[in-house]
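Just query.csv here, CSV, C-alpha atoms:
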chain,number,residue,atom,x,y,z
A,1,MET,CA,0.0,0.0,0.0
A,2,ALA,CA,1.4,3.4,-1.0
A,3,ALA,CA,2.4,5.8,1.8
A,4,ALA,CA,0.4,8.8,2.8
A,5,PRO,CA,1.2,11.9,0.8
A,6,LYS,CA,3.6,14.5,2.1
A,7,PHE,CA,3.4,18.2,1.0
A,8,ALA,CA,5.7,21.0,0.1
A,9,LYS,CA,5.1,24.5,1.3
A,10,THR,CA,4.7,25.4,-2.4
A,11,HIS,CA,1.6,23.2,-2.5
A,12,GLU,CA,2.9,20.1,-4.3
A,13,TRP,CA,2.1,16.7,-2.9
A,14,ILE,CA,4.3,13.6,-3.2
A,15,ARG,CA,3.6,10.0,-2.4
A,16,LEU,CA,6.1,7.2,-2.3
A,17,ASP,CA,4.7,4.3,-4.2
A,18,ASP,CA,5.3,0.5,-3.7
A,19,ASP,CA,7.7,0.4,-6.7
A,20,GLY,CA,10.1,2.9,-5.1
A,21,LEU,CA,9.0,5.7,-7.4
A,22,ALA,CA,7.3,8.9,-6.1
A,23,THR,CA,4.1,10.4,-7.6
A,24,VAL,CA,3.8,14.2,-7.5
A,25,GLY,CA,0.8,16.4,-8.0
A,26,ILE,CA,-0.7,19.7,-6.9
A,27,SER,CA,-2.9,20.0,-3.8
A,28,ALA,CA,-6.6,20.5,-4.1
A,29,TYR,CA,-6.2,23.8,-2.3
A,30,ALA,CA,-3.7,25.1,-5.0
A,31,VAL,CA,-5.8,23.8,-7.9
A,32,GLU,CA,-8.9,25.5,-6.5
A,33,ALA,CA,-7.0,28.8,-6.0
A,34,LEU,CA,-5.8,28.8,-9.6
A,35,THR,CA,-9.3,28.4,-11.2
A,36,ASP,CA,-10.1,28.0,-14.9
A,37,LEU,CA,-6.9,26.3,-16.0
A,38,VAL,CA,-6.0,26.7,-19.7
A,39,PHE,CA,-2.5,25.3,-20.3
A,40,MET,CA,0.1,23.1,-18.6
A,41,GLN,CA,3.7,22.4,-19.4
A,42,LEU,CA,5.3,19.3,-18.0
A,43,PRO,CA,9.0,18.4,-17.8
A,44,GLU,CA,10.8,16.0,-20.1
A,45,VAL,CA,11.1,12.4,-19.0
A,46,GLY,CA,14.7,11.7,-18.0
A,47,ARG,CA,15.3,15.2,-16.6
A,48,ALA,CA,17.3,15.3,-13.3
A,49,VAL,CA,15.7,17.7,-10.9
A,50,LYS,CA,16.7,19.2,-7.5
A,51,ALA,CA,14.3,19.7,-4.6
A,52,GLY,CA,12.7,23.1,-5.0
A,53,GLU,CA,13.5,23.4,-8.7
A,54,SER,CA,10.7,24.5,-11.1
A,55,ILE,CA,9.7,21.4,-13.1
A,56,GLY,CA,6.7,22.8,-15.0
A,57,GLU,CA,4.2,25.6,-15.3
A,58,ILE,CA,0.4,25.9,-15.3
A,59,GLU,CA,-1.6,28.7,-16.7
A,60,SER,CA,-5.1,29.8,-15.6
A,61,VAL,CA,-7.2,32.5,-17.1
A,62,LYS,CA,-5.2,35.2,-15.3
A,63,ALA,CA,-2.0,33.7,-13.9
A,64,VAL,CA,1.0,31.6,-14.8
A,65,SER,CA,2.4,29.6,-11.9
A,66,ASP,CA,5.3,27.2,-11.5
A,67,PHE,CA,5.2,23.9,-9.8
A,68,TYR,CA,8.3,22.6,-8.1
A,69,ALA,CA,10.0,19.3,-7.4
A,70,PRO,CA,9.3,18.4,-3.7
A,71,VAL,CA,12.5,16.2,-3.7
A,72,SER,CA,15.5,15.7,-5.9
A,73,GLY,CA,15.5,12.8,-8.4
A,74,GLU,CA,14.9,11.9,-12.0
A,75,VAL,CA,11.6,12.4,-13.9
A,76,VAL,CA,10.7,8.9,-15.0
A,77,ALA,CA,7.1,9.6,-16.2
A,78,VAL,CA,4.7,12.4,-16.8
A,79,ASN,CA,0.9,12.4,-17.0
A,80,ALA,CA,0.8,13.2,-20.7
A,81,ALA,CA,-3.0,13.0,-20.8
A,82,LEU,CA,-3.3,15.8,-18.3
A,83,PRO,CA,-2.5,18.9,-20.5
A,84,GLY,CA,-5.4,18.0,-22.8
A,85,ASN,CA,-7.7,17.2,-19.9
A,86,LEU,CA,-7.0,19.9,-17.3
A,87,GLU,CA,-10.4,19.5,-15.6
A,88,THR,CA,-9.0,16.2,-14.2
A,89,LEU,CA,-6.8,18.3,-11.9
A,90,GLY,CA,-9.8,19.8,-10.2
A,91,GLN,CA,-11.8,16.5,-10.2
A,92,ASP,CA,-9.1,14.2,-8.9
A,93,PRO,CA,-6.0,16.1,-7.8
A,94,TYR,CA,-4.6,13.2,-5.7
A,95,GLY,CA,-5.4,10.5,-8.3
A,96,ALA,CA,-5.8,10.9,-12.0
A,97,GLY,CA,-4.6,14.5,-11.8
A,98,TRP,CA,-1.0,13.4,-10.9
A,99,LEU,CA,1.7,15.4,-12.7
A,100,VAL,CA,5.0,13.4,-12.7
A,101,LYS,CA,6.6,10.4,-11.3
A,102,LEU,CA,10.1,10.8,-9.9
A,103,ARG,CA,12.8,8.3,-8.9
A,104,PRO,CA,13.9,10.0,-5.7
A,105,ALA,CA,17.6,10.4,-5.2
A,106,ASP,CA,17.2,10.0,-1.5
A,107,THR,CA,13.8,9.0,0.0
A,108,ALA,CA,15.0,10.6,3.3
A,109,GLU,CA,14.2,14.0,1.7
A,110,LEU,CA,10.5,13.2,2.1
A,111,GLY,CA,11.0,13.5,5.8
A,112,THR,CA,11.6,17.2,5.4
A,113,LEU,CA,8.2,17.8,3.9
A,114,LEU,CA,4.9,18.5,5.7
A,115,ASP,CA,2.4,15.8,6.7
A,116,GLN,CA,-1.3,16.3,6.1
A,117,ALA,CA,-2.0,17.9,9.4
A,118,ALA,CA,0.9,20.4,9.1
A,119,TYR,CA,-0.1,21.2,5.5
A,120,ASP,CA,-3.7,21.8,6.6
A,121,THR,CA,-2.4,24.3,9.2
A,122,LEU,CA,-0.3,26.0,6.5
A,123,VAL,CA,-3.3,26.3,4.2
A,124,LYS,CA,-5.4,27.9,7.0
A,125,SER,CA,-2.7,30.5,7.5
A,126,GLN,CA,-2.6,31.5,3.8
A,127,PRO,CA,-3.8,34.9,2.8
A,128,HIS,CA,-7.2,34.7,1.1
B,1,MET,CA,15.4,54.6,-1.7
B,2,PRO,CA,12.0,53.5,-0.5
B,3,ASP,CA,11.1,53.6,3.1
B,4,ALA,CA,11.3,49.9,4.0
B,5,SER,CA,10.3,50.6,7.6
B,6,ALA,CA,6.7,51.0,6.7
B,7,THR,CA,4.7,47.7,6.5
B,8,SER,CA,1.6,48.8,4.7
B,9,GLY,CA,0.8,50.9,1.7
B,10,LEU,CA,2.4,51.0,-1.7
B,11,ILE,CA,5.7,52.2,-3.2
B,12,ALA,CA,5.4,53.4,-6.8
B,13,TRP,CA,7.9,54.5,-9.4
B,14,TRP,CA,7.5,56.1,-12.9
B,15,ASP,CA,9.8,55.0,-15.7
B,16,GLU,CA,10.6,56.5,-19.1
B,17,PRO,CA,9.5,54.4,-22.1
B,18,ALA,CA,11.8,51.5,-22.7
B,19,PRO,CA,12.0,48.5,-25.2
B,20,GLY,CA,10.1,45.4,-24.4
B,21,PRO,CA,12.9,43.2,-23.0
B,22,GLU,CA,14.0,46.0,-20.7
B,23,ASN,CA,10.5,46.5,-19.4
B,24,MET,CA,10.0,42.8,-18.7
B,25,ALA,CA,13.4,42.7,-17.1
B,26,ALA,CA,12.7,45.7,-14.9
B,27,ASP,CA,9.5,44.0,-13.7
B,28,GLU,CA,11.4,40.8,-12.8
B,29,VAL,CA,13.8,43.0,-10.8
B,30,LEU,CA,10.8,44.7,-9.2
B,31,ALA,CA,9.5,41.3,-8.1
B,32,ALA,CA,12.8,40.3,-6.5
B,33,GLU,CA,12.9,43.7,-4.7
B,34,ALA,CA,9.3,43.2,-3.4
B,35,VAL,CA,10.4,40.0,-1.8
B,36,ALA,CA,13.6,41.6,-0.3
B,37,LEU,CA,11.6,44.6,1.1
B,38,ASP,CA,8.5,42.6,2.0
B,39,ARG,CA,6.4,45.4,0.5
B,40,PRO,CA,4.1,45.7,-2.6
B,41,LEU,CA,6.0,47.7,-5.2
B,42,VAL,CA,4.6,49.3,-8.4
B,43,ARG,CA,6.2,50.5,-11.6
B,44,ILE,CA,4.4,52.6,-14.1
B,45,TYR,CA,5.9,52.7,-17.6
B,46,GLY,CA,5.6,53.1,-21.3
B,47,TRP,CA,7.2,51.6,-24.4
B,48,SER,CA,9.9,53.2,-26.6
B,49,GLU,CA,8.1,51.9,-29.7
B,50,PRO,CA,4.7,50.2,-30.4
B,51,THR,CA,5.3,46.6,-29.2
B,52,VAL,CA,3.2,43.5,-28.8
B,53,SER,CA,3.6,41.7,-25.5
B,54,LEU,CA,2.4,38.1,-25.6
B,55,GLY,CA,1.0,36.2,-22.7
B,56,GLY,CA,3.3,33.7,-21.1
B,57,PHE,CA,1.9,30.7,-23.0
B,58,GLN,CA,0.4,32.2,-26.1
B,59,ARG,CA,1.6,30.5,-29.3
B,60,LEU,CA,4.2,32.5,-31.2
B,61,ALA,CA,2.9,31.1,-34.5
B,62,ASP,CA,-0.5,32.6,-33.8
B,63,ALA,CA,1.0,36.0,-33.2
B,64,ARG,CA,3.1,35.7,-36.4
B,65,ALA,CA,0.1,34.8,-38.4
B,66,ALA,CA,-2.1,37.7,-37.2
B,67,THR,CA,-1.9,40.3,-39.9
B,68,VAL,CA,-3.4,42.9,-37.5
B,69,ILE,CA,-0.1,43.1,-35.6
B,70,ALA,CA,2.3,42.3,-38.5
B,71,GLY,CA,5.6,44.1,-38.3
B,72,LEU,CA,5.4,45.1,-34.7
B,73,PRO,CA,8.2,43.9,-32.3
B,74,LEU,CA,7.1,41.1,-30.0
B,75,VAL,CA,8.1,40.3,-26.5
B,76,ARG,CA,6.9,37.6,-24.3
B,77,ARG,CA,5.7,38.4,-20.8
B,78,PRO,CA,6.2,36.1,-17.9
B,79,SER,CA,2.6,36.7,-16.9
B,80,GLY,CA,-0.4,35.0,-18.4
B,81,GLY,CA,-3.4,36.4,-20.4
B,82,GLY,CA,-3.7,37.7,-24.0
B,83,ALA,CA,-1.5,39.8,-26.2
B,84,ILE,CA,-1.4,43.5,-25.7
B,85,VAL,CA,-0.5,46.1,-28.3
B,86,HIS,CA,1.4,48.7,-26.4
B,87,GLY,CA,1.9,52.3,-27.5
B,88,THR,CA,-1.4,54.0,-26.6
B,89,ASP,CA,-1.7,52.5,-23.1
B,90,LEU,CA,-0.4,53.0,-19.7
B,91,THR,CA,1.3,49.8,-18.4
B,92,TYR,CA,1.8,48.9,-14.8
B,93,ALA,CA,3.5,46.2,-12.9
B,94,VAL,CA,2.9,45.4,-9.3
B,95,ALA,CA,4.9,43.0,-7.3
B,96,VAL,CA,3.5,41.6,-4.1
B,97,PRO,CA,5.2,39.3,-1.6
B,98,ARG,CA,3.3,35.9,-1.4
B,99,SER,CA,2.9,36.4,2.3
B,100,HIS,CA,1.0,39.7,1.8
B,101,ALA,CA,-2.8,39.7,2.0
B,102,TRP,CA,-2.9,40.3,-1.8
B,103,GLY,CA,-0.5,37.4,-2.4
B,104,GLY,CA,-3.0,34.5,-2.0
B,105,ASP,CA,-6.1,34.2,-4.2
B,106,PRO,CA,-5.2,35.6,-7.6
B,107,GLN,CA,-8.6,37.4,-7.9
B,108,VAL,CA,-7.9,39.5,-4.8
B,109,LEU,CA,-4.9,41.4,-6.3
B,110,TYR,CA,-6.7,41.7,-9.6
B,111,ASP,CA,-9.8,43.2,-8.0
B,112,VAL,CA,-7.9,45.6,-5.7
B,113,PHE,CA,-6.3,47.3,-8.7
B,114,HIS,CA,-9.3,47.2,-11.0
B,115,GLU,CA,-11.9,48.3,-8.5
B,116,SER,CA,-9.7,51.1,-7.2
B,117,LEU,CA,-9.4,52.5,-10.7
B,118,ALA,CA,-13.1,51.9,-11.4
B,119,ALA,CA,-14.0,53.9,-8.2
B,120,GLU,CA,-11.7,56.7,-9.3
B,121,LEU,CA,-13.1,56.8,-12.8
B,122,ARG,CA,-16.7,56.7,-11.6
B,123,GLU,CA,-16.0,59.7,-9.4
B,124,ARG,CA,-14.8,61.4,-12.6
B,125,GLY,CA,-17.9,60.6,-14.5
B,126,VAL,CA,-16.9,57.4,-16.3
B,127,ALA,CA,-19.3,54.5,-16.1
B,128,ALA,CA,-16.5,52.0,-15.3
B,129,LEU,CA,-17.3,48.6,-13.8
B,130,ARG,CA,-15.8,45.2,-13.4
B,131,HIS,CA,-16.9,42.6,-15.9
B,132,PRO,CA,-18.5,39.4,-14.4
B,133,GLY,CA,-16.5,37.2,-16.8
B,134,ARG,CA,-17.7,35.1,-19.8
B,135,ASP,CA,-18.3,31.4,-19.9
B,136,ARG,CA,-15.4,29.3,-21.2
B,137,ALA,CA,-17.6,28.4,-24.2
B,138,ALA,CA,-17.1,32.0,-25.4
B,139,GLY,CA,-13.6,31.0,-26.5
B,140,ASP,CA,-11.8,33.8,-24.8
B,141,ASP,CA,-8.7,31.7,-24.3
B,142,GLU,CA,-8.3,31.4,-28.0
B,143,ARG,CA,-8.5,35.1,-28.7
B,144,LEU,CA,-5.1,36.6,-29.4
B,145,LEU,CA,-5.7,40.1,-28.0
B,146,CYS,CA,-6.3,40.7,-24.3
B,147,PHE,CA,-8.8,43.5,-25.1
B,148,ASP,CA,-10.9,41.0,-27.1
B,149,ARG,CA,-11.2,38.8,-24.0
B,150,ARG,CA,-13.4,39.3,-20.9
B,151,ALA,CA,-12.2,37.7,-17.7
B,152,ARG,CA,-13.9,38.3,-14.3
B,153,GLY,CA,-12.8,41.6,-13.0
B,154,ASP,CA,-11.7,43.2,-16.3
B,155,LEU,CA,-12.6,46.9,-16.3
B,156,VAL,CA,-15.1,47.9,-18.9
B,157,VAL,CA,-17.1,51.1,-19.6
B,158,GLN,CA,-20.8,50.4,-19.2
B,159,THR,CA,-22.9,50.4,-22.4
B,160,ALA,CA,-25.6,53.1,-22.9
B,161,ALA,CA,-28.1,50.4,-22.0
B,162,GLY,CA,-26.5,49.9,-18.7
B,163,GLY,CA,-25.0,46.5,-19.4
B,164,THR,CA,-21.5,45.1,-18.8
B,165,ASP,CA,-20.7,44.4,-22.5
B,166,GLY,CA,-19.0,47.7,-23.0
B,167,ASP,CA,-15.5,48.3,-24.2
B,168,LYS,CA,-12.6,47.0,-22.0
B,169,ILE,CA,-10.2,49.6,-20.8
B,170,LEU,CA,-8.1,47.7,-18.2
B,171,GLY,CA,-6.9,44.1,-18.2
B,172,SER,CA,-4.3,42.4,-16.0
B,173,ALA,CA,-2.5,39.1,-15.7
B,174,GLN,CA,-0.2,37.5,-13.2
B,175,ARG,CA,3.0,35.5,-12.8
B,176,ARG,CA,3.0,33.7,-9.5
B,177,LEU,CA,6.6,33.3,-8.6
B,178,ARG,CA,8.0,31.5,-5.5
B,179,GLY,CA,8.3,34.6,-3.4
B,180,ALA,CA,6.1,37.1,-5.1
B,181,VAL,CA,3.2,37.7,-7.4
B,182,LEU,CA,3.9,39.8,-10.4
B,183,GLN,CA,0.8,41.4,-12.0
B,184,HIS,CA,1.0,43.2,-15.3
B,185,GLY,CA,-1.8,45.5,-16.4
B,186,SER,CA,-2.6,47.7,-19.3
B,187,LEU,CA,-4.9,50.8,-19.2
B,188,LEU,CA,-5.9,51.5,-22.7
B,189,LEU,CA,-6.0,55.2,-23.4
B,190,GLU,CA,-6.5,55.4,-27.1
B,191,PRO,CA,-7.0,52.9,-29.9
B,192,PRO,CA,-3.9,50.7,-30.3
B,193,PRO,CA,-1.5,51.5,-33.1
B,194,ILE,CA,-2.8,48.8,-35.5
B,195,PRO,CA,-5.0,48.8,-38.5
B,196,THR,CA,-8.7,48.2,-37.9
B,197,ALA,CA,-8.3,48.8,-34.2
B,198,THR,CA,-11.6,48.1,-32.6
B,199,HIS,CA,-10.7,49.1,-29.0
B,200,PRO,CA,-11.5,52.7,-28.4
B,201,GLY,CA,-9.7,53.3,-25.1
B,202,LEU,CA,-10.6,55.6,-22.2
B,203,LEU,CA,-10.1,58.9,-24.0
B,204,ARG,CA,-12.5,58.0,-26.8
B,205,LEU,CA,-15.0,56.5,-24.5
B,206,HIS,CA,-14.9,59.6,-22.2
B,207,PRO,CA,-13.6,62.6,-24.2
B,208,PRO,CA,-13.3,64.9,-21.1
B,209,ALA,CA,-10.5,62.5,-20.0
B,210,ALA,CA,-8.3,64.0,-22.7
B,211,ALA,CA,-7.9,67.1,-20.5
B,212,TRP,CA,-7.0,65.1,-17.4
B,213,ASP,CA,-3.5,65.1,-16.0
B,214,LEU,CA,-2.6,61.4,-16.4
B,215,ARG,CA,-0.2,61.3,-13.6
B,216,GLN,CA,-2.8,62.8,-11.2
B,217,LEU,CA,-5.2,60.1,-12.3
B,218,VAL,CA,-2.7,57.4,-11.6
B,219,VAL,CA,-1.7,58.8,-8.3
B,220,ALA,CA,-5.4,59.0,-7.3
B,221,TRP,CA,-5.8,55.4,-8.4
B,222,LEU,CA,-2.8,54.1,-6.6
B,223,THR,CA,-3.7,56.1,-3.5
B,224,ARG,CA,-6.9,54.1,-3.4
B,225,VAL,CA,-5.0,50.9,-3.9
B,226,ALA,CA,-2.6,51.7,-1.1
B,227,ALA,CA,-5.5,52.6,1.2
B,228,GLU,CA,-6.9,49.1,0.7
B,229,SER,CA,-3.9,47.8,2.5
B,230,GLY,CA,-4.3,50.4,5.2
B,231,GLY,CA,-1.3,52.5,4.2
B,232,PRO,CA,-0.2,55.5,2.1
B,233,LEU,CA,1.1,55.7,-1.4
B,234,ASP,CA,4.8,56.5,-1.5
B,235,SER,CA,5.2,57.8,-5.1
B,236,HIS,CA,8.8,58.4,-6.1
B,237,ALA,CA,9.9,61.3,-8.2
B,238,ALA,CA,12.9,59.3,-9.4
B,239,ALA,CA,12.6,56.6,-12.0
B,240,TYR,CA,13.0,52.9,-11.1
B,241,ALA,CA,15.1,51.6,-13.9
B,242,PRO,CA,18.1,53.9,-14.0
B,243,ALA,CA,19.2,53.0,-10.5
B,244,ARG,CA,19.0,49.3,-11.3
B,245,ALA,CA,20.4,49.5,-14.9
B,246,ARG,CA,23.0,46.7,-14.4
B,247,LEU,CA,20.5,44.2,-13.0
B,248,ILE,CA,17.9,45.1,-15.7
B,249,ALA,CA,20.5,44.7,-18.5
B,250,ASP,CA,21.4,41.3,-17.2
B,251,ALA,CA,17.8,40.2,-16.9
B,252,ALA,CA,16.8,41.7,-20.3
B,253,ALA,CA,19.1,39.2,-22.1
B,254,ARG,CA,16.8,36.3,-21.4
B,255,PHE,CA,13.8,38.3,-22.7
B,256,ARG,CA,15.6,38.8,-26.0
B,257,GLU,CA,16.4,35.2,-26.5
B,258,ALA,CA,14.6,33.4,-29.4
B,259,ALA,CA,14.1,30.5,-27.0
B,260,TRP,CA,12.1,32.6,-24.6
B,261,LEU,CA,10.0,34.3,-27.3
B,262,GLY,CA,9.4,30.9,-29.0
B,263,ARG,CA,8.8,28.8,-25.9
B,264,ARG,CA,5.4,28.0,-27.3
What's the structure tokens form of this structure?
Amino acid sequence: MAAAPKFAKTHEWIRLDDDGLATVGISAYAVEALTDLVFMQLPEVGRAVKAGESIGEIESVKAVSDFYAPVSGEVVAVNAALPGNLETLGQDPYGAGWLVKLRPADTAELGTLLDQAAYDTLVKSQPH
Amino acid sequence: MPDASATSGLIAWWDEPAPGPENMAADEVLAAEAVALDRPLVRIYGWSEPTVSLGGFQRLADARAATVIAGLPLVRRPSGGGAIVHGTDLTYAVAVPRSHAWGGDPQVLYDVFHESLAAELRERGVAALRHPGRDRAAGDDERLLCFDRRARGDLVVQTAAGGTDGDKILGSAQRRLRGAVLQHGSLLLEPPPIPTATHPGLLRLHPPAAAWDLRQLVVAWLTRVAAESGGPLDSHAAAYAPARARLIADAAARFREAAWLGRR
């Protein structure tokens, strides 16, 4: 069974899967804040990324936002169906709305991220 | 230098017209400075020649194929939204730290700037109001020009019948960076410098505005914006860019690259 997701302060979630890979997406809070998504750019498979590095961009009607790698590693898969079906992000942000799969360089990095309770506290403190 | 001891309000600078890459670079520097000072900062500026700024993800091929803007220099903004033909507009950039009350919900910053101008214009006799936004089926995302689109909060001048389908005079778009939100906006004063321009601009829609002191209008607008954060407007007499020329020149190089302009 996959582990519970952890969260970055920049609103990405990451979940360590049974195969040792990590699935990354954007939290429901962040997706809802963006509203009316129109375009998404995902990273190339094979790209080496560092924790905190921008790995893609998403555009809503009014705003372009980056999303960031929660941990260092290699991009081993992207959700290629997502840019053509952006509504999936809002409908199922923790499932079918996943963005990329990473091979983490060091799974211990996940320990530096927020658990669900800590992330919920962060969200409540965000400016509205 | 700005008074970094104050925690509310707005600091604003006015810059001389500059080429597209330098303008985009100056706004990037502004965003970094907003994070460093932990204050909202505004830059008001013009363009040294008529220029089309493309939204962050608009297709370059679409812009190249549009005969209406043929021959005009292009620059790609980091912010989203549609293309703007600059030259008869007043452009602003505001950079707000993500921790600021305006750094959360994108609509909040959009509405603060737009409603503050609407209120100032209404006091001057212009029937300005925020558009409720159109349904996605209207296809606004596919329209090249910002002033052909209608997003929620866009500023329009009310039609004679009292509806919201009037001409748009102010549109804005954001780039949400790690530490700051950068919002670009364009207040259209006169029809853009392109053939068959269909956007009249504020001065055509409200002829008495031609006699207004534009700087006074903007100061009144930004004073209202600053008041929304509970502070004053600190409007600088000095320009922003000259004191940061080195930083801006370095940043402008990226905005000149073909890879940036052609990223989509």
Mind checking which residues fall within 7 Å of A:Val75, counting all atoms listed in the file, ignoring those fewer than 4 positions away in the same chain, and posting them as a ChimeraX atom specification?
/A:45-48,100-103
Atomic distance atom CA of B:Gly231 - atom CA of B:Leu90, expressed in Å with one decimal:
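These atoms are spaced 23.9 Å apart.
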Using only C-alpha atoms, find which residues of chain A lie within 12 Å of chain B and jot them down as an MDAnalysis selection string.
chainID A and resid 9:11 29:41 52:54 57:68 122:128
Given the point (16.2, 8.3, -1.1) in the file's coordinates, find the residues that have an atom at most 10 Å from it, counting all atoms listed in the file, and give them as a ChimeraX atom specification.
/A:20-21,71-73,103-110
Compare B:Thr91, B:Thr67, B:Ser116, B:Asn23 by their minimum atom-to-atom distance to B:Thr196, counting all atoms listed in the file, and give me the closest one.
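Among B:Thr91, B:Thr67, B:Ser116, B:Asn23, it is B:Thr67 that comes nearest to B:Thr196.
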Which residue, A:Lys6, A:Asp115, A:Ala22, A:Asp120, has the smallest gap to A:Ala77 when you use all atoms listed in the file?
A:Ala22
Give me the residues near B:Leu247 as a ChimeraX atom specification, where near means some atom within 9 Å (using all atoms listed in the file) and where sequence neighbours in that chain fewer than 6 positions away do not count.
/B:25-26,29
